[in-house]
$ cat work26.txt   # compact mmCIF, C-alpha atoms
# COMPACT_ATOMS: atom_id res chain seq x y z
CA MET A 1 -21.86 -9.14 -23.73
CA SER A 2 -23.48 -7.17 -26.55
CA THR A 3 -22.24 -3.71 -27.49
CA ASP A 4 -25.39 -2.11 -26.06
CA SER A 5 -24.98 -3.99 -22.76
CA ALA A 6 -21.33 -2.96 -22.53
CA VAL A 7 -22.27 0.70 -23.04
CA GLN A 8 -24.99 0.44 -20.37
CA ALA A 9 -22.44 -1.05 -17.94
CA VAL A 10 -19.92 1.73 -18.59
CA LYS A 11 -22.32 4.64 -18.08
CA PRO A 12 -22.98 4.09 -14.32
CA ARG A 13 -19.25 3.62 -13.79
CA GLU A 14 -18.44 6.90 -15.50
CA GLU A 15 -21.14 8.64 -13.44
CA ARG A 16 -19.54 7.28 -10.27
CA TRP A 17 -16.11 8.50 -11.40
CA ARG A 18 -17.55 11.98 -11.98
CA ARG A 19 -19.24 12.03 -8.56
CA GLU A 20 -16.12 10.84 -6.78
CA ALA A 21 -13.82 13.23 -8.66
CA SER A 22 -16.15 16.17 -7.98
CA PHE A 23 -16.39 15.34 -4.27
CA PHE A 24 -12.64 15.04 -3.76
CA ASP A 25 -11.83 17.95 -6.08
CA GLY A 26 -13.94 20.16 -3.81
CA TRP A 27 -12.30 18.74 -0.71
CA ALA A 28 -8.82 19.36 -2.16
CA GLN A 29 -9.68 22.95 -3.08
CA ARG A 30 -10.74 23.65 0.52
CA SER A 31 -7.40 22.42 1.86
CA SER A 32 -4.80 24.92 3.03
CA ASP A 33 -1.21 24.95 1.82
CA ASP A 34 -0.24 25.53 5.46
CA ALA A 35 -1.09 21.87 6.10
CA LEU A 36 1.19 20.50 3.36
CA PRO A 37 4.29 19.73 5.49
CA ILE A 38 4.19 16.31 7.14
CA ASP A 39 3.69 16.76 10.89
CA PRO A 40 7.05 15.80 12.51
CA LEU A 41 5.18 14.30 15.48
CA ALA A 42 3.20 12.04 13.15
CA PHE A 43 6.34 11.01 11.27
CA ARG A 44 8.06 10.22 14.56
CA ARG A 45 5.08 8.16 15.67
CA TYR A 46 4.98 5.99 12.54
CA THR A 47 8.74 5.45 12.44
CA ARG A 48 9.13 4.55 16.12
CA PRO A 49 11.11 1.33 16.75
CA VAL A 50 8.10 -0.53 18.21
CA LEU A 51 4.82 0.10 16.42
CA ARG A 52 1.71 -0.63 18.47
CA ARG A 53 -0.70 -3.23 17.14
CA ARG A 54 -3.70 -1.66 18.86
CA PHE A 55 -3.59 1.34 16.50
CA ASN A 56 -4.89 0.69 13.00
CA LYS A 57 -2.31 2.73 11.07
CA GLU A 58 0.67 1.82 13.25
CA PHE A 59 -0.28 -1.82 12.73
CA ARG A 60 -0.19 -1.39 8.95
CA PHE A 61 3.29 0.13 9.05
CA ARG A 62 4.35 -2.71 11.34
CA VAL A 63 3.06 -5.27 8.84
CA MET A 64 4.92 -3.65 5.92
CA GLY A 65 8.25 -3.40 7.74
CA ASP A 66 11.22 -1.47 6.34
CA LEU A 67 10.16 0.53 3.28
CA GLY A 68 13.65 1.57 2.16
CA GLY A 69 13.93 1.16 -1.61
CA LYS A 70 10.57 -0.64 -1.93
CA SER A 71 8.24 0.14 -4.83
CA LEU A 72 4.80 0.98 -3.44
CA LEU A 73 1.43 1.74 -5.04
CA ASP A 74 -0.80 4.07 -3.01
CA VAL A 75 -4.30 3.31 -4.28
CA GLY A 76 -6.62 6.31 -4.05
CA CYS A 77 -3.81 8.50 -2.78
CA GLY A 78 -6.00 11.60 -2.49
CA ASP A 79 -4.10 14.65 -1.24
CA GLY A 80 -0.90 12.61 -0.89
CA LEU A 81 -0.69 12.62 2.90
CA ASN A 82 0.02 8.89 3.05
CA ALA A 83 1.99 8.83 -0.21
CA VAL A 84 4.38 11.52 0.99
CA MET A 85 4.72 9.93 4.42
CA LEU A 86 5.56 6.60 2.76
CA ALA A 87 8.08 8.30 0.46
CA LYS A 88 9.73 10.01 3.45
CA MET A 89 10.12 6.53 4.93
CA GLY A 90 12.16 5.52 1.88
CA ALA A 91 9.63 3.97 -0.50
CA ASN A 92 9.40 4.80 -4.19
CA VAL A 93 5.71 5.64 -4.34
CA THR A 94 3.26 5.67 -7.22
CA GLY A 95 0.00 7.35 -6.22
CA ILE A 96 -3.21 7.08 -8.21
CA ASP A 97 -6.50 8.89 -7.67
CA VAL A 98 -9.63 9.76 -9.63
CA SER A 99 -9.49 13.41 -8.49
CA PRO A 100 -7.20 15.70 -10.56
CA LYS A 101 -7.35 18.42 -7.89
CA ALA A 102 -6.30 15.97 -5.19
CA ILE A 103 -3.39 14.86 -7.38
CA GLU A 104 -2.32 18.51 -7.76
CA LEU A 105 -2.39 18.88 -3.99
CA ALA A 106 -0.40 15.65 -3.56
CA ARG A 107 2.20 16.92 -6.02
CA ARG A 108 2.59 20.17 -4.07
CA ARG A 109 2.86 18.21 -0.83
CA GLY A 110 5.63 16.10 -2.34
CA GLU A 111 7.55 19.22 -3.35
CA VAL A 112 7.13 20.87 0.06
CA ASN A 113 8.42 17.74 1.81
CA GLY A 114 11.32 17.16 -0.57
CA VAL A 115 10.28 13.74 -1.90
CA SER A 116 9.27 14.58 -5.48
CA ASP A 117 12.04 12.32 -6.76
CA ARG A 118 10.39 9.33 -5.05
CA LEU A 119 6.81 10.23 -5.93
CA SER A 120 4.96 9.52 -9.18
CA LEU A 121 1.30 10.60 -9.40
CA ILE A 122 -1.46 9.54 -11.77
CA ALA A 123 -4.93 11.11 -12.13
CA ALA A 124 -7.15 8.28 -13.36
CA PRO A 125 -9.81 5.82 -12.21
CA LEU A 126 -8.39 2.51 -11.02
CA GLU A 127 -10.49 0.69 -13.57
CA THR A 128 -8.72 2.41 -16.50
CA ALA A 129 -5.20 2.92 -15.16
CA ASP A 130 -2.46 1.37 -17.27
CA LEU A 131 0.28 0.01 -15.02
CA PRO A 132 2.66 -2.83 -15.87
CA PRO A 133 2.16 -6.19 -14.12
CA ASP A 134 4.45 -7.46 -11.35
CA THR A 135 5.69 -3.94 -10.61
CA PHE A 136 5.13 -3.21 -6.91
CA ASP A 137 6.53 -4.71 -3.74
CA LEU A 138 3.62 -3.24 -1.78
CA VAL A 139 0.07 -2.10 -2.49
CA TRP A 140 -1.40 0.28 0.10
CA ALA A 141 -5.13 1.07 -0.02
CA ASP A 142 -6.49 3.22 2.81
CA GLY A 143 -10.30 3.24 2.76
CA ILE A 144 -10.60 2.75 -1.01
CA LEU A 145 -12.29 -0.58 -1.74
CA HIS A 146 -15.59 0.49 -0.20
CA HIS A 147 -15.76 3.24 -2.85
CA VAL A 148 -15.56 0.75 -5.77
CA LEU A 149 -17.94 -1.99 -4.66
CA ASP A 150 -19.70 -2.20 -8.03
CA ASP A 151 -16.33 -2.96 -9.64
CA LEU A 152 -14.65 -4.65 -6.68
CA GLU A 153 -13.71 -7.81 -8.57
CA LEU A 154 -12.24 -5.82 -11.46
CA VAL A 155 -10.23 -3.63 -9.06
CA LEU A 156 -8.91 -6.64 -7.12
CA ASP A 157 -7.90 -8.32 -10.36
CA ARG A 158 -5.91 -5.25 -11.37
CA LEU A 159 -4.26 -4.74 -7.98
CA THR A 160 -3.14 -8.36 -7.73
CA ARG A 161 -1.83 -8.17 -11.29
CA TRP A 162 0.21 -5.03 -10.57
CA VAL A 163 1.83 -6.35 -7.38
CA LYS A 164 4.82 -8.69 -7.59
CA PRO A 165 4.18 -12.40 -6.94
CA GLU A 166 5.69 -12.13 -3.46
CA GLY A 167 4.46 -8.60 -2.91
CA LEU A 168 2.13 -7.57 -0.09
CA LEU A 169 -1.30 -5.96 -0.33
CA VAL A 170 -2.49 -3.94 2.68
CA PHE A 171 -6.08 -2.70 2.92
CA ALA A 172 -7.83 -0.69 5.64
CA GLU A 173 -11.61 -0.57 5.26
CA PRO A 174 -14.84 0.05 7.14
CA VAL A 175 -16.82 -3.17 7.54
CA ASN A 176 -20.33 -4.22 8.51
CA LEU A 177 -20.11 -7.80 9.74
CA PHE A 178 -22.93 -7.56 12.30
CA HIS A 179 -25.94 -5.74 10.89
CA PRO A 180 -27.75 -4.90 14.19
CA LEU A 181 -24.67 -3.02 15.42
CA ARG A 182 -24.54 -1.12 12.14
CA GLN A 183 -28.14 -0.02 12.71
CA LEU A 184 -27.24 1.11 16.23
CA ARG A 185 -24.34 3.18 14.90
CA PHE A 186 -26.74 5.05 12.63
CA MET A 187 -28.51 6.23 15.77
CA ILE A 188 -25.31 7.85 17.13
CA PRO A 189 -24.97 11.44 15.87
CA VAL A 190 -21.54 11.20 14.25
CA GLU A 191 -20.91 13.69 11.46
CA THR A 192 -18.98 12.19 8.56
CA GLU A 193 -18.07 13.28 5.03
CA ALA A 194 -19.06 10.55 2.64
CA THR A 195 -19.63 10.10 -1.08
CA PRO A 196 -23.04 8.83 -2.24
CA ASP A 197 -21.79 5.41 -3.41
CA GLU A 198 -19.75 4.30 -0.42
CA ARG A 199 -20.72 1.90 2.36
CA PRO A 200 -18.85 -0.56 4.60
CA LEU A 201 -17.82 -3.93 3.21
CA VAL A 202 -19.99 -6.91 4.13
CA ARG A 203 -18.83 -10.48 4.69
CA SER A 204 -19.34 -11.60 1.08
CA GLU A 205 -17.06 -8.80 -0.11
CA VAL A 206 -14.36 -9.73 2.40
CA GLU A 207 -14.59 -13.29 1.06
CA LEU A 208 -14.22 -11.95 -2.48
CA ILE A 209 -11.00 -10.25 -1.42
CA ARG A 210 -9.85 -13.59 0.00
CA ARG A 211 -10.27 -15.17 -3.44
CA TYR A 212 -7.62 -12.80 -4.76
CA VAL A 213 -5.51 -12.81 -1.58
CA PRO A 214 -5.81 -16.42 -0.37
CA ASP A 215 -3.62 -15.98 2.73
CA LEU A 216 -5.63 -12.91 3.79
CA ARG A 217 -5.18 -11.91 7.42
CA VAL A 218 -7.72 -9.65 9.13
CA ARG A 219 -7.26 -7.50 12.25
CA HIS A 220 -10.44 -5.82 13.52
CA TYR A 221 -10.73 -2.29 14.95
CA SER A 222 -13.28 0.36 15.98
CA LEU A 223 -15.57 -1.12 18.58
CA PHE A 224 -15.30 1.53 21.29
CA GLY A 225 -12.54 3.22 19.26
CA ARG A 226 -15.31 4.98 17.37
CA LEU A 227 -15.33 7.36 20.34
CA ASP A 228 -11.78 8.56 19.58
CA GLN A 229 -13.05 11.40 17.42
CA PHE A 230 -14.99 12.84 20.35
CA ILE A 231 -11.89 12.81 22.55
CA LEU A 232 -9.05 13.92 20.29
CA ILE A 233 -8.68 17.52 19.17
CA LYS A 234 -9.67 17.63 15.48
CA PHE A 235 -9.21 13.85 15.46
CA ASN A 236 -5.45 14.43 15.78
CA TYR A 237 -3.73 12.06 18.20
CA GLU A 238 -0.29 13.66 18.07
CA ARG A 239 -1.51 17.20 18.75
CA SER A 240 -3.96 16.31 21.53
CA SER A 241 -3.12 16.64 25.23
CA PRO A 242 -1.44 13.81 27.17
CA LEU A 243 -4.72 13.17 29.03
CA ARG A 244 -6.71 12.83 25.82
CA ARG A 245 -4.07 10.53 24.35
CA ALA A 246 -4.10 8.43 27.52
CA ILE A 247 -7.88 7.99 27.28
CA VAL A 248 -7.61 6.98 23.63
CA ASN A 249 -4.77 4.59 24.47
CA GLY A 250 -7.00 2.91 27.03
CA ILE A 251 -9.98 2.67 24.69
CA ASP A 252 -7.92 1.25 21.84
CA PHE A 253 -6.16 -1.18 24.18
CA LEU A 254 -9.60 -2.43 25.29
CA ASP A 255 -10.69 -2.72 21.66
CA TYR A 256 -7.58 -4.70 20.80
CA GLY A 257 -8.27 -7.22 23.52
CA LEU A 258 -11.99 -7.58 22.85
CA LEU A 259 -11.65 -7.74 19.07
CA SER A 260 -9.08 -10.51 19.38
CA LEU A 261 -11.84 -12.79 20.73
CA PRO A 262 -13.47 -15.06 18.12
CA GLY A 263 -17.03 -14.20 19.13
CA VAL A 264 -16.45 -10.46 19.27
CA LYS A 265 -14.40 -9.80 16.12
CA ARG A 266 -17.39 -9.17 13.89
CA LEU A 267 -18.46 -6.25 16.07
CA GLY A 268 -15.55 -4.11 14.84
CA GLY A 269 -16.46 -1.25 12.53
CA SER A 270 -13.22 -1.34 10.54
CA CYS A 271 -10.41 -3.73 9.80
CA VAL A 272 -6.93 -4.11 8.37
CA MET A 273 -6.59 -6.86 5.76
CA TYR A 274 -3.29 -7.98 4.29
CA GLY A 275 -1.73 -10.83 2.37
CA HIS A 276 -0.15 -11.94 -0.87
CA PRO A 277 -1.70 -12.30 -4.33
CA ALA A 278 -3.02 -15.64 -5.55
CA LYS A 279 -0.08 -15.91 -7.97
CA ALA A 280 2.28 -16.18 -4.96
CA SER A 281 2.22 -19.98 -5.06
CA VAL A 282 5.89 -20.61 -4.33
CA PRO A 283 7.85 -19.87 -1.15
CA PRO A 284 10.09 -16.78 -1.15
CA PRO A 285 13.67 -17.28 -2.33
CA ASP A 286 16.28 -18.24 0.25
CA GLY A 287 17.33 -15.38 2.45
CA ARG A 288 14.08 -13.42 2.14
CA LYS A 289 11.62 -12.97 4.95
CA ARG A 290 7.94 -12.23 4.75
CA PRO A 291 6.62 -9.23 6.68
CA ASP A 292 5.44 -9.72 10.28
CA ARG A 293 2.33 -11.91 10.15
CA THR A 294 2.39 -13.38 13.63
CA VAL A 295 -0.48 -11.44 15.22
CA SER A 296 -3.78 -13.12 16.00
CA GLN A 297 -6.20 -12.82 13.09
CA SER A 298 -9.54 -14.16 11.90
$ encode --input "work26.txt" --output "structure tokens"
Amino acid sequence: MSTDSAVQAVKPREERWRREASFFDGWAQRSSDDALPIDPLAFRRYTRPVLRRRFNKEFRFRVMGDLGGKSLLDVGCGDGLNAVMLAKMGANVTGIDVSPKAIELARRRGEVNGVSDRLSLIAAPLETADLPPDTFDLVWADGILHHVLDDLELVLDRLTRWVKPEGLLVFAEPVNLFHPLRQLRFMIPVETEATPDERPLVRSEVELIRRYVPDLRVRHYSLFGRLDQFILIKFNYERSSPLRRAIVNGIDFLDYGLLSLPGVKRLGGSCVMYGHPAKASVPPPDGRKRPDRTVSQS
């Protein structure tokens, strides 16, 4: 690539970084310090002995297993809600985000919750972050890849380089695997906050992820579960009434069953993807166990 071509390629990327940072800086500045403590009901939910597979986030914690002493990279950590929760569960967490204001908020959240000693935060784009290879036992990315689609291959290369050979990568992303249903969803008046460059992943992008995570497992969500936000109070499961939680339990249980069927999976609006990097070509040493990977997947 010529020097001029390289400069032309960098400019759109830097514009995207500025847009993303500005969006999430504004969001962080609107946040209240009153919300910094981790909700004890949420912590209790995600540390319960039996985590339910029908709930997207509980499923991810189930897949990762015991976090005590594990090194974990929270990709696009934002305001630190997940990073601090993961640190309270015993992980040594490195959080990275393009938004300096969000990183400031995450740092305050870590202090308020007493986990600053297990929390390291970096304000930088993923594409320029300088992290040593083979560092992390776990990589957690919650709704991040669909923000970096123009550089998806570069980002995947970096993430799989930073994780240990037997480490686990866990992604949760919106997907569009059945275009007519996507068009129908646009007709439903659901208010969302979104940045200009984001969109759900399509099949080719899921297959690109599989190139870097060859044993990729996929669990689909959000068929009827899209209705949860109309039922829960402020989209908060723990703080909603028992009746509202019961309705959501039923909807998500139905989703789990339907989206386990081969012909229906592609109708899900989001998914959890997880697996090991391509460099994990040898079995784990004697005495080690891989995380739970026994659920039905695509």
$ closest_residue --input "work26.txt" --among "A:Leu243, A:Ala87, A:Leu145, A:Ala124" --to "Val175 (chain A)" --atoms "all atoms listed in the file"
A:Leu145
$ axis_aligned_box --input "work26.txt" --around "region 252-259 of chain A" --padding-each-side "8 Å" --output "JSON"
{"center_x": -9.1, "center_y": -3.2, "center_z": 22.2, "size_x": 21.8, "size_y": 25.0, "size_z": 22.2}
$ residues_around --input "work26.txt" --residues "Ile144 (chain A)" --least-positions-apart "6" --cutoff "9 Å" --atoms "all atoms listed in the file" --output "PyMOL selection string"
chain A and resi 75-76+171-173
$ closest_residue --input "work26.txt" --among "A:Val115, A:Val98, A:Leu216, A:Asp252" --to "Thr128 (chain A)" --atoms "all atoms listed in the file"
A:Val98
$ atom_distance --input "work26.txt" --atom1 "CA of Val163 (chain A)" --atom2 "CA of Ser71 (chain A)"
9.5 Å
$ closest_residue --input "work26.txt" --among "A:Pro200, A:Ala42, A:Val170, A:Ala123" --to "Val148 (chain A)" --atoms "only C-alpha atoms"
A:Pro200
$ atom_distance --input "work26.txt" --atom1 "CA of Leu73 (chain A)" --atom2 "CA of Ile96 (chain A)"
7.8 Å
$ residues_around --input "work26.txt" --residues "His147 (chain A)" --least-positions-apart "3" --cutoff "12 Å" --atoms "only C-alpha atoms" --output "ChimeraX atom specification"
/A:13,16-17,19-21,75-76,97-98,125-126,141-144,150-152,155,173-174,194-201
$ write_last_selection --input "work26.txt" --atoms "C-alpha atoms" --output "JSON list (two decimals), keeping the file's coordinate frame"
[["chain", "number", "residue", "atom", "x", "y", "z"],
["A", 13, "ARG", "CA", -19.25, 3.62, -13.79],
["A", 16, "ARG", "CA", -19.54, 7.28, -10.27],
["A", 17, "TRP", "CA", -16.11, 8.50, -11.40],
["A", 19, "ARG", "CA", -19.24, 12.03, -8.56],
["A", 20, "GLU", "CA", -16.12, 10.84, -6.78],
["A", 21, "ALA", "CA", -13.82, 13.23, -8.66],
["A", 75, "VAL", "CA", -4.30, 3.31, -4.28],
["A", 76, "GLY", "CA", -6.62, 6.31, -4.05],
["A", 97, "ASP", "CA", -6.50, 8.89, -7.67],
["A", 98, "VAL", "CA", -9.63, 9.76, -9.63],
["A", 125, "PRO", "CA", -9.81, 5.82, -12.21],
["A", 126, "LEU", "CA", -8.39, 2.51, -11.02],
["A", 141, "ALA", "CA", -5.13, 1.07, -0.02],
["A", 142, "ASP", "CA", -6.49, 3.22, 2.81],
["A", 143, "GLY", "CA", -10.30, 3.24, 2.76],
["A", 144, "ILE", "CA", -10.60, 2.75, -1.01],
["A", 150, "ASP", "CA", -19.70, -2.20, -8.03],
["A", 151, "ASP", "CA", -16.33, -2.96, -9.64],
["A", 152, "LEU", "CA", -14.65, -4.65, -6.68],
["A", 155, "VAL", "CA", -10.23, -3.63, -9.06],
["A", 173, "GLU", "CA", -11.61, -0.57, 5.26],
["A", 174, "PRO", "CA", -14.84, 0.05, 7.14],
["A", 194, "ALA", "CA", -19.06, 10.55, 2.64],
["A", 195, "THR", "CA", -19.63, 10.10, -1.08],
["A", 196, "PRO", "CA", -23.04, 8.83, -2.24],
["A", 197, "ASP", "CA", -21.79, 5.41, -3.41],
["A", 198, "GLU", "CA", -19.75, 4.30, -0.42],
["A", 199, "ARG", "CA", -20.72, 1.90, 2.36],
["A", 200, "PRO", "CA", -18.85, -0.56, 4.60],
["A", 201, "LEU", "CA", -17.82, -3.93, 3.21]]
$ closest_residue --input "work26.txt" --among "A:Ser260, A:Arg158, A:Arg266, A:Ile247" --to "Phe230 (chain A)" --atoms "all atoms listed in the file"
A:Ile247
$ atom_distance --input "work26.txt" --atom1 "CA of Leu138 (chain A)" --atom2 "CA of Leu168 (chain A)"
4.9 Å
$ closest_residue --input "work26.txt" --among "A:Val112, A:Leu232, A:Val139, A:Val206" --to "Asp74 (chain A)" --atoms "only C-alpha atoms"
A:Val139
$ closest_residue --input "work26.txt" --among "A:Val63, A:Asp134, A:Asn249, A:Trp140" --to "Thr94 (chain A)" --atoms "all atoms listed in the file"
A:Trp140
$ closest_atom_pairs --input "work26.txt" --of "region 156-263 of chain A" --to "region 43-62 of chain A" --cutoff "12 Å" --atoms "only C-alpha atoms" --output "CSV"
residue,atom,partner,partner_atom,distance
A:Leu168,CA,A:Arg60,CA,11.2
A:Leu169,CA,A:Arg60,CA,10.4
A:Val170,CA,A:Arg60,CA,7.1
A:Phe171,CA,A:Arg60,CA,8.5
A:Ala172,CA,A:Asn56,CA,8.0
A:Glu173,CA,A:Asn56,CA,10.3
A:Pro174,CA,A:Asn56,CA,11.6
A:Arg217,CA,A:Arg60,CA,11.7
A:Val218,CA,A:Arg60,CA,11.2
A:Arg219,CA,A:Asn56,CA,8.6
A:His220,CA,A:Asn56,CA,8.6
A:Tyr221,CA,A:Asn56,CA,6.8
A:Ser222,CA,A:Asn56,CA,8.9
A:Leu223,CA,A:Arg54,CA,11.9
A:Gly225,CA,A:Phe55,CA,9.6
A:Asp228,CA,A:Phe55,CA,11.3
A:Tyr237,CA,A:Arg45,CA,10.0
A:Glu238,CA,A:Arg45,CA,8.1
A:Arg239,CA,A:Arg45,CA,11.6
A:Val248,CA,A:Phe55,CA,9.9
A:Asn249,CA,A:Arg54,CA,8.5
A:Gly250,CA,A:Arg54,CA,9.9
A:Ile251,CA,A:Arg54,CA,9.6
A:Asp252,CA,A:Arg54,CA,5.9
A:Phe253,CA,A:Arg54,CA,5.9
A:Leu254,CA,A:Arg54,CA,8.8
A:Asp255,CA,A:Arg54,CA,7.6
A:Tyr256,CA,A:Arg54,CA,5.3
A:Gly257,CA,A:Arg54,CA,8.6
A:Leu258,CA,A:Arg54,CA,10.9
A:Leu259,CA,A:Arg54,CA,10.0
A:Ser260,CA,A:Arg54,CA,10.4
